[in-house]
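J.: Coordinates in final07.cif, mmCIF, C-alpha atoms and all ligand atoms, are listed below.
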data_coords
#
loop_
_atom_site.label_atom_id
_atom_site.label_comp_id
_atom_site.auth_asym_id
_atom_site.auth_seq_id
_atom_site.Cartn_x
_atom_site.Cartn_y
_atom_site.Cartn_z
CA MET A 944 94.66 35.16 -34.11
CA ARG A 945 95.86 33.01 -36.99
CA GLY A 946 96.59 35.26 -39.97
CA SER A 947 94.68 34.86 -43.20
CA GLY A 948 95.96 33.46 -46.48
CA ILE A 949 97.12 30.06 -47.72
CA VAL A 950 100.37 29.91 -45.74
CA ALA A 951 98.73 30.69 -42.41
CA ARG A 952 96.06 28.10 -43.18
CA TRP A 953 98.24 25.25 -44.56
CA ARG A 954 101.72 26.05 -43.24
CA SER A 955 102.68 22.50 -42.30
CA ARG A 956 102.01 21.31 -45.85
CA LEU A 957 103.94 24.12 -47.57
CA PRO A 958 107.71 24.68 -48.08
CA VAL A 959 108.14 27.63 -45.70
CA THR A 960 110.28 28.16 -42.60
CA ALA A 961 110.24 30.65 -39.74
CA ARG A 962 112.55 32.80 -41.86
CA THR A 963 110.23 33.03 -44.87
CA PRO A 964 108.66 36.52 -45.01
CA ILE A 965 105.02 35.75 -45.85
CA VAL A 966 103.44 38.00 -48.45
CA THR A 967 99.66 37.61 -48.37
CA LEU A 968 96.52 39.37 -49.44
CA GLY A 969 94.27 36.87 -47.67
CA GLU A 970 94.02 34.51 -50.65
CA GLY A 971 92.29 31.12 -50.48
CA ASP A 972 89.30 30.03 -48.39
CA THR A 973 87.09 30.55 -51.43
CA PRO A 974 83.44 29.41 -51.48
CA LEU A 975 82.35 25.99 -52.69
CA VAL A 976 78.73 26.43 -53.71
CA ARG A 977 76.06 23.93 -54.76
CA ALA A 978 74.83 24.31 -58.32
CA ASP A 979 71.55 22.44 -58.64
CA ARG A 980 70.46 24.10 -61.88
CA ALA A 981 73.79 23.29 -63.52
CA ALA A 982 73.39 19.74 -62.22
CA ALA A 983 69.89 19.52 -63.73
CA ALA A 984 71.22 20.80 -67.07
CA ALA A 985 73.72 17.92 -66.99
CA GLY A 986 71.02 15.40 -66.02
CA LYS A 987 72.57 14.93 -62.59
CA PRO A 988 70.78 14.88 -59.21
CA ALA A 989 70.54 17.92 -56.94
CA GLY A 990 73.56 18.26 -54.68
CA SER A 991 75.94 16.52 -57.09
CA VAL A 992 77.55 19.54 -58.80
CA TRP A 993 79.61 22.10 -56.89
CA LEU A 994 81.42 25.26 -57.99
CA LYS A 995 84.71 26.40 -56.44
CA LEU A 996 84.64 30.18 -56.81
CA GLU A 997 88.28 31.09 -57.34
CA GLY A 998 87.22 34.48 -58.68
CA CYS A 999 86.72 35.39 -55.00
CA ASN A 1000 90.49 35.53 -54.49
CA PRO A 1001 92.01 39.01 -53.89
CA THR A 1002 92.96 39.69 -57.53
CA GLY A 1003 90.02 37.70 -58.90
CA SER A 1004 91.70 34.43 -59.89
CA PHE A 1005 93.24 31.22 -58.53
CA LYS A 1006 96.71 32.57 -59.38
CA ASP A 1007 96.82 34.31 -55.99
CA ARG A 1008 97.37 30.99 -54.19
CA GLY A 1009 100.54 30.24 -56.11
CA MET A 1010 101.70 33.82 -56.27
CA ALA A 1011 101.51 34.30 -52.49
CA LEU A 1012 104.06 31.53 -52.06
CA ALA A 1013 106.21 32.32 -55.13
CA VAL A 1014 106.59 35.98 -54.14
CA SER A 1015 107.23 35.10 -50.47
CA LYS A 1016 110.03 32.75 -51.59
CA ALA A 1017 111.41 35.36 -54.03
CA LEU A 1018 111.58 37.83 -51.15
CA GLU A 1019 113.27 35.24 -48.94
CA ALA A 1020 115.84 34.65 -51.71
CA ARG A 1021 116.45 38.43 -51.92
CA ALA A 1022 115.47 38.58 -55.59
CA THR A 1023 115.74 41.84 -57.54
CA GLY A 1024 112.24 41.35 -58.80
CA VAL A 1025 109.76 38.94 -60.34
CA LEU A 1026 108.95 38.39 -63.97
CA CYS A 1027 106.35 36.43 -65.92
CA ALA A 1028 104.62 35.94 -69.25
CA SER A 1029 100.87 35.87 -69.01
CA THR A 1030 97.52 35.69 -70.71
CA GLY A 1031 96.51 38.16 -67.99
CA ASN A 1032 95.71 36.61 -64.62
CA THR A 1033 99.24 35.60 -63.69
CA SER A 1034 100.42 39.13 -64.46
CA ALA A 1035 97.63 40.66 -62.36
CA ALA A 1036 98.52 38.45 -59.39
CA ALA A 1037 102.28 38.95 -59.83
CA ALA A 1038 101.81 42.73 -60.03
CA ALA A 1039 99.70 42.84 -56.86
CA TYR A 1040 101.88 40.55 -54.72
CA ALA A 1041 105.10 42.22 -55.95
CA ALA A 1042 103.64 45.61 -55.04
CA ARG A 1043 102.87 44.30 -51.55
CA ALA A 1044 106.37 42.84 -51.23
CA GLY A 1045 108.05 45.98 -52.56
CA LEU A 1046 109.60 44.09 -55.48
CA ARG A 1047 109.90 45.08 -59.12
CA CYS A 1048 107.53 43.22 -61.43
CA VAL A 1049 107.94 42.82 -65.19
CA VAL A 1050 105.18 41.21 -67.28
CA PHE A 1051 105.33 39.97 -70.89
CA LEU A 1052 101.86 40.06 -72.47
CA PRO A 1053 100.71 38.78 -75.88
CA LYS A 1054 99.59 41.82 -77.86
CA GLY A 1055 95.84 42.41 -78.09
CA LYS A 1056 94.91 39.18 -76.31
CA VAL A 1057 94.75 40.20 -72.65
CA ALA A 1058 91.28 40.98 -71.25
CA ALA A 1059 90.72 44.59 -70.16
CA GLY A 1060 90.30 43.96 -66.43
CA LYS A 1061 93.56 42.03 -66.20
CA LEU A 1062 95.52 44.70 -68.04
CA ALA A 1063 94.00 47.35 -65.76
CA GLN A 1064 95.32 45.43 -62.74
CA ALA A 1065 98.88 45.24 -64.10
CA VAL A 1066 98.77 48.98 -64.83
CA MET A 1067 97.36 49.94 -61.42
CA HIS A 1068 99.82 47.80 -59.45
CA GLY A 1069 102.70 49.42 -61.29
CA ALA A 1070 104.06 46.43 -63.20
CA GLU A 1071 106.53 47.14 -66.00
CA ILE A 1072 104.58 45.97 -69.04
CA VAL A 1073 106.16 44.50 -72.16
CA GLU A 1074 103.77 43.87 -75.05
CA VAL A 1075 104.96 40.96 -77.19
CA ASP A 1076 103.97 40.88 -80.83
CA GLY A 1077 103.28 37.15 -80.67
CA ASN A 1078 101.34 34.60 -78.65
CA PHE A 1079 101.67 33.48 -75.01
CA ASP A 1080 104.05 30.62 -75.82
CA GLN A 1081 106.47 33.03 -77.50
CA ALA A 1082 106.11 35.55 -74.66
CA LEU A 1083 106.96 32.79 -72.16
CA THR A 1084 110.17 31.87 -73.99
CA MET A 1085 111.24 35.54 -73.91
CA ALA A 1086 110.29 35.92 -70.25
CA ALA A 1087 112.26 32.83 -69.20
CA GLU A 1088 115.36 33.99 -71.08
CA THR A 1089 115.16 37.51 -69.69
CA ALA A 1090 114.64 36.28 -66.12
CA THR A 1091 117.75 34.09 -66.29
CA LYS A 1092 119.91 36.88 -67.74
CA ARG A 1093 118.72 39.64 -65.41
CA GLY A 1094 118.48 37.74 -62.13
CA PHE A 1095 114.71 38.02 -61.80
CA VAL A 1096 112.61 35.17 -60.39
CA LEU A 1097 110.31 33.68 -63.01
CA VAL A 1098 106.85 33.36 -61.43
CA ASN A 1099 105.17 31.35 -64.16
CA SER A 1100 103.92 27.91 -63.17
CA SER A 1101 107.33 26.37 -63.98
CA ASN A 1102 108.21 27.94 -60.60
CA PRO A 1103 107.70 25.04 -58.16
CA PHE A 1104 106.29 27.31 -55.43
CA ARG A 1105 103.39 28.29 -57.71
CA ILE A 1106 102.28 24.65 -57.88
CA GLU A 1107 102.78 24.18 -54.14
CA GLY A 1108 100.58 27.20 -53.38
CA GLN A 1109 97.87 26.18 -55.82
CA LYS A 1110 97.54 22.66 -54.43
CA THR A 1111 95.77 24.23 -51.42
CA GLY A 1112 92.65 24.49 -53.58
CA ALA A 1113 92.34 20.70 -53.43
CA PHE A 1114 92.74 20.74 -49.62
CA GLU A 1115 89.84 23.19 -49.35
CA VAL A 1116 87.58 21.12 -51.61
CA VAL A 1117 88.16 17.97 -49.55
CA GLU A 1118 87.65 19.91 -46.32
CA ALA A 1119 84.40 21.50 -47.53
CA LEU A 1120 82.88 18.28 -48.89
CA GLY A 1121 84.22 16.11 -46.08
CA ARG A 1122 85.78 13.87 -48.77
CA ALA A 1123 87.17 14.15 -52.29
CA PRO A 1124 84.66 14.50 -55.15
CA ALA A 1125 84.21 11.59 -57.56
CA ALA A 1126 85.30 13.86 -60.42
CA HIS A 1127 87.16 17.15 -60.59
CA PHE A 1128 86.56 19.44 -63.61
CA MET A 1129 88.82 22.38 -64.53
CA PRO A 1130 90.08 24.45 -67.47
CA VAL A 1131 93.58 23.67 -68.76
CA GLY A 1132 95.95 26.17 -70.37
CA ASN A 1133 99.60 25.95 -69.36
CA ALA A 1134 98.56 22.94 -67.22
CA GLY A 1135 100.01 24.16 -63.92
CA ASN A 1136 96.71 24.12 -62.08
CA ILE A 1137 95.72 20.55 -62.99
CA THR A 1138 99.20 19.53 -61.83
CA ALA A 1139 98.66 21.39 -58.56
CA TYR A 1140 95.17 20.03 -57.79
CA TRP A 1141 96.26 16.47 -58.54
CA ARG A 1142 99.23 16.88 -56.19
CA GLY A 1143 96.95 18.30 -53.49
CA TYR A 1144 94.47 15.45 -53.78
CA ARG A 1145 97.27 12.84 -53.78
CA GLU A 1146 98.86 14.35 -50.68
CA LEU A 1147 95.57 13.73 -48.88
CA GLY A 1148 95.51 10.16 -50.18
CA THR A 1149 92.53 10.82 -52.45
CA ARG A 1150 92.10 10.20 -56.20
CA PRO A 1151 89.17 11.94 -57.87
CA ARG A 1152 88.98 11.47 -61.63
CA MET A 1153 90.59 14.56 -63.17
CA PHE A 1154 88.81 16.06 -66.19
CA GLY A 1155 90.69 18.92 -67.89
CA TRP A 1156 89.09 21.10 -70.57
CA GLN A 1157 90.79 23.04 -73.33
CA ALA A 1158 89.29 25.33 -75.95
CA ALA A 1159 88.83 23.60 -79.32
CA GLY A 1160 91.13 26.09 -81.08
CA ALA A 1161 93.83 25.71 -78.42
CA ALA A 1162 93.79 22.02 -77.52
CA PRO A 1163 97.35 20.66 -77.78
CA LEU A 1164 96.79 18.05 -75.06
CA VAL A 1165 93.77 16.69 -76.88
CA HIS A 1166 95.55 16.50 -80.26
CA GLY A 1167 98.78 15.22 -78.72
CA ARG A 1168 100.88 17.92 -80.38
CA PRO A 1169 101.53 21.67 -79.92
CA VAL A 1170 99.19 24.14 -81.63
CA ARG A 1171 101.17 26.84 -83.41
CA PHE A 1172 98.44 29.47 -83.68
CA PRO A 1173 96.03 28.90 -80.77
CA ARG A 1174 92.64 30.65 -81.07
CA THR A 1175 89.77 31.02 -78.61
CA VAL A 1176 87.48 33.60 -77.05
CA ALA A 1177 88.76 32.25 -73.70
CA THR A 1178 92.03 34.22 -73.89
CA ALA A 1179 93.15 32.92 -70.46
CA ILE A 1180 93.70 29.47 -71.98
CA ARG A 1181 94.88 30.56 -75.44
CA ILE A 1182 98.02 28.43 -75.13
CA GLY A 1183 99.51 26.09 -77.74
CA ASN A 1184 102.38 24.38 -75.92
CA PRO A 1185 101.75 23.91 -72.18
CA VAL A 1186 104.77 23.87 -69.89
CA SER A 1187 103.32 21.17 -67.60
CA TRP A 1188 102.33 18.88 -70.48
CA ALA A 1189 103.70 15.67 -68.99
CA GLN A 1190 102.23 16.35 -65.55
CA ALA A 1191 98.77 17.03 -67.03
CA VAL A 1192 98.87 13.74 -68.94
CA ALA A 1193 100.01 11.95 -65.77
CA ALA A 1194 97.13 13.46 -63.75
CA ARG A 1195 94.69 12.38 -66.45
CA ASP A 1196 96.02 8.81 -66.70
CA GLU A 1197 96.72 8.14 -63.01
CA SER A 1198 93.21 9.30 -62.11
CA ARG A 1199 91.47 7.55 -65.04
CA GLY A 1200 90.18 10.96 -66.13
CA ALA A 1201 90.19 12.73 -69.47
CA ILE A 1202 91.29 15.91 -71.21
CA GLY A 1203 88.77 17.12 -73.76
CA ALA A 1204 87.99 20.15 -75.89
CA VAL A 1205 84.95 22.44 -75.98
CA THR A 1206 84.07 25.00 -78.64
CA ASP A 1207 83.89 28.75 -78.04
CA ALA A 1208 80.11 28.57 -78.51
CA GLU A 1209 79.85 25.90 -75.79
CA ILE A 1210 82.08 27.99 -73.48
CA LEU A 1211 79.98 31.14 -73.91
CA SER A 1212 76.75 29.22 -73.45
CA ALA A 1213 78.01 27.63 -70.21
CA GLN A 1214 79.25 31.04 -69.02
CA ARG A 1215 75.75 32.44 -69.57
CA LEU A 1216 74.08 29.49 -67.83
CA LEU A 1217 76.30 30.03 -64.77
CA ALA A 1218 75.51 33.74 -64.72
CA ARG A 1219 71.75 33.45 -65.31
CA ALA A 1220 70.82 30.20 -63.59
CA GLU A 1221 73.36 30.15 -60.76
CA GLY A 1222 74.17 33.85 -60.19
CA VAL A 1223 77.86 33.22 -60.72
CA PHE A 1224 79.76 35.44 -63.15
CA CYS A 1225 83.02 33.84 -64.25
CA GLU A 1226 85.33 34.64 -67.13
CA PRO A 1227 85.01 32.57 -70.35
CA ALA A 1228 87.89 30.14 -69.62
CA SER A 1229 86.31 29.31 -66.26
CA ALA A 1230 83.12 28.13 -67.94
CA ALA A 1231 85.01 25.44 -69.90
CA PRO A 1232 84.58 22.76 -67.18
CA LEU A 1233 80.77 23.15 -67.12
CA ALA A 1234 80.77 23.22 -70.94
CA GLY A 1235 82.69 19.94 -70.76
CA LEU A 1236 80.27 18.40 -68.27
CA LEU A 1237 77.31 19.34 -70.49
CA ARG A 1238 79.09 17.89 -73.52
CA LEU A 1239 79.67 14.58 -71.71
CA ALA A 1240 76.06 14.60 -70.52
CA ARG A 1241 74.76 14.99 -74.10
CA ALA A 1242 76.80 11.93 -75.05
CA GLY A 1243 75.39 10.04 -72.03
CA ARG A 1244 78.86 9.92 -70.47
CA ALA A 1245 78.69 12.37 -67.55
CA PRO A 1246 80.54 10.86 -64.57
CA SER A 1247 78.34 9.72 -61.70
CA GLY A 1248 78.81 11.02 -58.16
CA THR A 1249 79.92 14.43 -56.97
CA VAL A 1250 81.50 16.75 -59.52
CA VAL A 1251 83.47 19.85 -58.53
CA CYS A 1252 84.02 22.50 -61.22
CA VAL A 1253 86.76 25.06 -60.53
CA LEU A 1254 85.71 28.49 -61.77
CA THR A 1255 89.20 29.91 -62.04
CA GLY A 1256 88.61 33.61 -62.67
CA HIS A 1257 86.00 36.33 -62.09
CA GLY A 1258 83.72 37.51 -64.90
CA LEU A 1259 84.69 41.15 -64.35
CA LYS A 1260 88.15 40.28 -65.68
CA ASP A 1261 86.72 40.32 -69.20
CA PRO A 1262 83.91 42.88 -69.49
CA GLU A 1263 84.31 43.16 -73.27
CA THR A 1264 83.34 39.56 -73.98
CA ALA A 1265 80.42 39.84 -71.54
CA MET A 1266 79.09 42.97 -73.26
CA LYS A 1267 78.90 41.08 -76.56
CA ALA A 1268 76.09 38.93 -75.11
CA LYS A 1269 72.80 40.12 -76.61
CA THR A 1270 70.53 41.99 -74.24
CA LYS A 1271 67.74 44.54 -74.66
CA ILE A 1272 68.27 47.91 -73.01
CA ARG A 1273 65.24 50.23 -72.95
CA ARG A 1274 65.92 53.96 -72.98
CA VAL A 1275 63.61 56.42 -71.22
CA LYS A 1276 63.57 60.05 -70.14
CA ALA A 1277 64.12 60.56 -66.41
CA GLY A 1278 61.03 61.31 -64.32
CA GLY A 1279 58.38 59.70 -66.56
CA GLU A 1280 56.27 56.68 -65.63
CA PHE A 1281 57.70 53.30 -66.65
CA ARG A 1282 55.58 50.22 -67.22
CA LEU A 1283 57.13 46.77 -66.99
N1 LIG A 1301 91.60 29.76 -66.00
C1 LIG A 1301 92.06 31.01 -65.96
C2 LIG A 1301 91.11 32.10 -65.62
C3 LIG A 1301 93.42 31.28 -66.24
O1 LIG A 1301 93.87 32.53 -66.18
C4 LIG A 1301 94.28 30.21 -66.58
C5 LIG A 1301 95.68 30.44 -66.89
C6 LIG A 1301 93.73 28.92 -66.60
C7 LIG A 1301 92.40 28.73 -66.30
C8 LIG A 1301 94.55 27.73 -66.91
O2 LIG A 1301 95.42 27.41 -65.88
O3 LIG A 1301 97.56 27.54 -67.11
O4 LIG A 1301 97.40 26.43 -64.90
O5 LIG A 1301 96.38 25.39 -66.92
N2 LIG A 1301 96.19 31.59 -67.03
C9 LIG A 1301 97.63 31.84 -67.19
C10 LIG A 1301 97.93 33.32 -67.09
C11 LIG A 1301 98.25 31.17 -68.33
O6 LIG A 1301 98.92 33.79 -67.66
O7 LIG A 1301 97.20 34.02 -66.41
P1 LIG A 1301 96.78 26.63 -66.20
#
Kindly return the structure encoded in the file as structure tokens.

T.:
Amino acid sequence: MRGSGIVARWRSRLPVTARTPIVTLGEGDTPLVRADRAAAAAGKPAGSVWLKLEGCNPTGSFKDRGMALAVSKALEARATGVLCASTGNTSAAAAAYAARAGLRCVVFLPKGKVAAGKLAQAVMHGAEIVEVDGNFDQALTMAAETATKRGFVLVNSSNPFRIEGQKTGAFEVVEALGRAPAAHFMPVGNAGNITAYWRGYRELGTRPRMFGWQAAGAAPLVHGRPVRFPRTVATAIRIGNPVSWAQAVAARDESRGAIGAVTDAEILSAQRLLARAEGVFCEPASAAPLAGLLRLARAGRAPSGTVVCVLTGHGLKDPETAMKAKTKIRRVKAGGEFRL
């Protein structure tokens, strides 16, 4: 039997050898589902919008693809441990894969801005947690310096194995559709994932138009300069100075795509549409691509042809934001009759 996980599935396209100890939790092979109601909302025909459900990965986000490879390579290099800064998902994945590898894991988290589910994962997997009184960009500078000084492997997306692992998402999309989509929509924070998908598509000789979406209060790539105090409800992409800036711009320009911004209100409304009309619960950042598609549609500029939206993280990552959505709960005594 072939094992599960991205390395078993795509070994010949990944930088591993027979000596690499593969650390896997069975990541990858996530569903690509049709979203006809989302398509209708964007004025597009049935069968033209698809959702890649990366929340179905073992720790609930796309980070598992890159972390499987980064932690395998750290183990191969006999590292003392792994270290990262994170808005939450990277730390959850690092903590889980380090636990499986038997490595120490240290995570630098921006104070008060990490969603509850993600923090719970870092705690449960036994990561050593450092709360930074600052934003993600500042936490990343500290993490990089500490990693260099202490001989830990930095597993942020500046680690080339993270990008290599994450490019497998593009392979799966092309395999599932039988060809590349016309347009690929995804959220952009530190810009590692747009770099990875573009590389994956290029390695297959395909060139979908790449559309990246940032939150309006954290949109350095849209403004063309870093944002000192990034703000957004989508804490996963609350980043003001992306590490892979140049690569994101290259993906945009080489593919004749775009990087745009969507407001928090648009993000939350797209998150609700996905949950209520498609049955898919993703975290706020993951709704940014659909919010972007709807924004383009309103302006009469939605791309034609097949659109794939990557829903990067599971909705259960951020229960607090979800519980702020208005809903009516009726309270009754047990045992009585209830009329609907
Ligand atoms: N979506 C989710 C759910 C994320 O957690 C992230 C990044 C992104 C999108 C953006 O991806 O950074 O490659 O452009 N989260 C990182 C973290 C920063 O620390 O978990 P990107």

J.: Show me which residues sit within 6 Å of ligand LIG 1301 (chain A) when counting all atoms listed in the file, and put them as JSON, numbers by chain.

T.: {"A": [1029, 1030, 1031, 1032, 1033, 1130, 1131, 1132, 1133, 1134, 1135, 1136, 1179, 1180, 1228, 1229, 1255, 1256]}

J.: With C-alpha atoms retained, export the selected residues as a PDB file, keeping the file's coordinate frame.

T.:
ATOM      1  CA  SER A1029     100.870  35.870 -69.010  1.00  0.00           C
ATOM      2  CA  THR A1030      97.520  35.690 -70.710  1.00  0.00           C
ATOM      3  CA  GLY A1031      96.510  38.160 -67.990  1.00  0.00           C
ATOM      4  CA  ASN A1032      95.710  36.610 -64.620  1.00  0.00           C
ATOM      5  CA  THR A1033      99.240  35.600 -63.690  1.00  0.00           C
ATOM      6  CA  PRO A1130      90.080  24.450 -67.470  1.00  0.00           C
ATOM      7  CA  VAL A1131      93.580  23.670 -68.760  1.00  0.00           C
ATOM      8  CA  GLY A1132      95.950  26.170 -70.370  1.00  0.00           C
ATOM      9  CA  ASN A1133      99.600  25.950 -69.360  1.00  0.00           C
ATOM     10  CA  ALA A1134      98.560  22.940 -67.220  1.00  0.00           C
ATOM     11  CA  GLY A1135     100.010  24.160 -63.920  1.00  0.00           C
ATOM     12  CA  ASN A1136      96.710  24.120 -62.080  1.00  0.00           C
ATOM     13  CA  ALA A1179      93.150  32.920 -70.460  1.00  0.00           C
ATOM     14  CA  ILE A1180      93.700  29.470 -71.980  1.00  0.00           C
ATOM     15  CA  ALA A1228      87.890  30.140 -69.620  1.00  0.00           C
ATOM     16  CA  SER A1229      86.310  29.310 -66.260  1.00  0.00           C
ATOM     17  CA  THR A1255      89.200  29.910 -62.040  1.00  0.00           C
ATOM     18  CA  GLY A1256      88.610  33.610 -62.670  1.00  0.00           C
TER      19      GLY A1256
END

J.: Using all atoms listed in the file, which of the listed residues (A:Met1067, A:Ala1090, A:Ala981, A:Ala1082) sits closest to Leu1026 in chain A?

T.: A:Ala1090

J.: Is it possible to get the residues within 10 Å of (102.2, 21.8, -49.1) (coordinates as in the file, counting all atoms listed in the file) written as a list of chain:residue names?

T.: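 Checking each residue against the 10 Å limit leaves A:Ile949, A:Val950, A:Trp953, A:Arg954, A:Ser955, A:Arg956, A:Leu957, A:Pro958, A:Val959, A:Phe1104, A:Ile1106, A:Glu1107, A:Gly1108, A:Gln1109, A:Lys1110, A:Thr1111, A:Phe1114, A:Arg1142, A:Gly1143, A:Glu1146.
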
J.: So what do you get for CA of Pro1124 in chain A versus CA of Thr1249 in chain A, distance-wise?

T.: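 It comes out at 5.1 Å.
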
J.: Need to verify the contact set: range 1157-1169 of chain A, 9 Å, only C-alpha atoms, exclusion of same-chain residues closer than 3 positions in sequence. Can you return it as a list in words?

T.: Pro1130, Val1131, Gly1132, Phe1172, Pro1173, Arg1174, Thr1175, Val1176, Ala1177, Ile1180, Arg1181, Ile1182, Gly1183, Asn1184, Pro1185, Trp1188, Ala1191, Val1192, Ile1202, Gly1203, Ala1204, Val1205, Thr1206, Asp1207, Ile1210, Ala1228, Ala1231 and Pro1232 of chain A

J.: Under the rule of at most 8 Å, produce a per-residue listing of range 1157-1263 of chain A near range 993-999 of chain A: chain, number, name, the closest pair of atoms, and the distance in Å, as JSON lines, using all atoms listed in the file.

T.:
{"residue": "A:Cys1225", "atom": "CA", "partner": "A:Gly998", "partner_atom": "CA", "distance": 7.0}
{"residue": "A:Thr1249", "atom": "CA", "partner": "A:Trp993", "partner_atom": "CA", "distance": 7.7}
{"residue": "A:Val1250", "atom": "CA", "partner": "A:Trp993", "partner_atom": "CA", "distance": 6.3}
{"residue": "A:Val1251", "atom": "CA", "partner": "A:Trp993", "partner_atom": "CA", "distance": 4.8}
{"residue": "A:Cys1252", "atom": "CA", "partner": "A:Leu994", "partner_atom": "CA", "distance": 5.0}
{"residue": "A:Val1253", "atom": "CA", "partner": "A:Lys995", "partner_atom": "CA", "distance": 4.8}
{"residue": "A:Leu1254", "atom": "CA", "partner": "A:Leu996", "partner_atom": "CA", "distance": 5.3}
{"residue": "A:Thr1255", "atom": "CA", "partner": "A:Glu997", "partner_atom": "CA", "distance": 4.9}
{"residue": "A:Gly1256", "atom": "CA", "partner": "A:Gly998", "partner_atom": "CA", "distance": 4.3}
{"residue": "A:His1257", "atom": "CA", "partner": "A:Gly998", "partner_atom": "CA", "distance": 4.1}
{"residue": "A:Gly1258", "atom": "CA", "partner": "A:Gly998", "partner_atom": "CA", "distance": 7.8}

J.: Please complete range 1206-1218 of chain A with N, CA, C and O atoms and give it back as a compact mmCIF listing (two decimals), keeping the file's coordinate frame.

T.:
# COMPACT_ATOMS: atom_id res chain seq x y z
N THR A 1206 84.02 23.89 -77.69
CA THR A 1206 84.07 25.00 -78.64
C THR A 1206 83.81 26.33 -77.92
O THR A 1206 83.28 26.36 -76.81
N ASP A 1207 84.16 27.42 -78.60
CA ASP A 1207 83.89 28.75 -78.04
C ASP A 1207 82.39 28.94 -77.79
O ASP A 1207 82.00 29.51 -76.77
N ALA A 1208 81.56 28.42 -78.68
CA ALA A 1208 80.11 28.57 -78.51
C ALA A 1208 79.66 27.83 -77.24
O ALA A 1208 78.84 28.35 -76.47
N GLU A 1209 80.21 26.65 -77.00
CA GLU A 1209 79.85 25.90 -75.79
C GLU A 1209 80.34 26.64 -74.53
O GLU A 1209 79.65 26.67 -73.51
N ILE A 1210 81.53 27.23 -74.62
CA ILE A 1210 82.08 27.99 -73.48
C ILE A 1210 81.18 29.18 -73.14
O ILE A 1210 80.81 29.39 -71.98
N LEU A 1211 80.79 29.94 -74.16
CA LEU A 1211 79.98 31.14 -73.91
C LEU A 1211 78.59 30.76 -73.42
O LEU A 1211 78.01 31.46 -72.58
N SER A 1212 78.07 29.64 -73.90
CA SER A 1212 76.75 29.22 -73.45
C SER A 1212 76.80 28.74 -71.99
O SER A 1212 75.92 29.06 -71.19
N ALA A 1213 77.86 28.05 -71.61
CA ALA A 1213 78.01 27.63 -70.21
C ALA A 1213 78.26 28.84 -69.31
O ALA A 1213 77.76 28.91 -68.17
N GLN A 1214 78.99 29.82 -69.80
CA GLN A 1214 79.25 31.04 -69.02
C GLN A 1214 77.92 31.75 -68.72
O GLN A 1214 77.67 32.21 -67.60
N ARG A 1215 77.05 31.79 -69.73
CA ARG A 1215 75.75 32.44 -69.57
C ARG A 1215 74.85 31.64 -68.62
O ARG A 1215 74.16 32.21 -67.78
N LEU A 1216 74.89 30.32 -68.73
CA LEU A 1216 74.08 29.49 -67.83
C LEU A 1216 74.51 29.74 -66.37
O LEU A 1216 73.67 29.92 -65.48
N LEU A 1217 75.81 29.78 -66.14
CA LEU A 1217 76.30 30.03 -64.77
C LEU A 1217 75.83 31.38 -64.26
O LEU A 1217 75.44 31.54 -63.10
N ALA A 1218 75.88 32.39 -65.13
CA ALA A 1218 75.51 33.74 -64.72
C ALA A 1218 74.00 33.84 -64.47
O ALA A 1218 73.57 34.42 -63.49
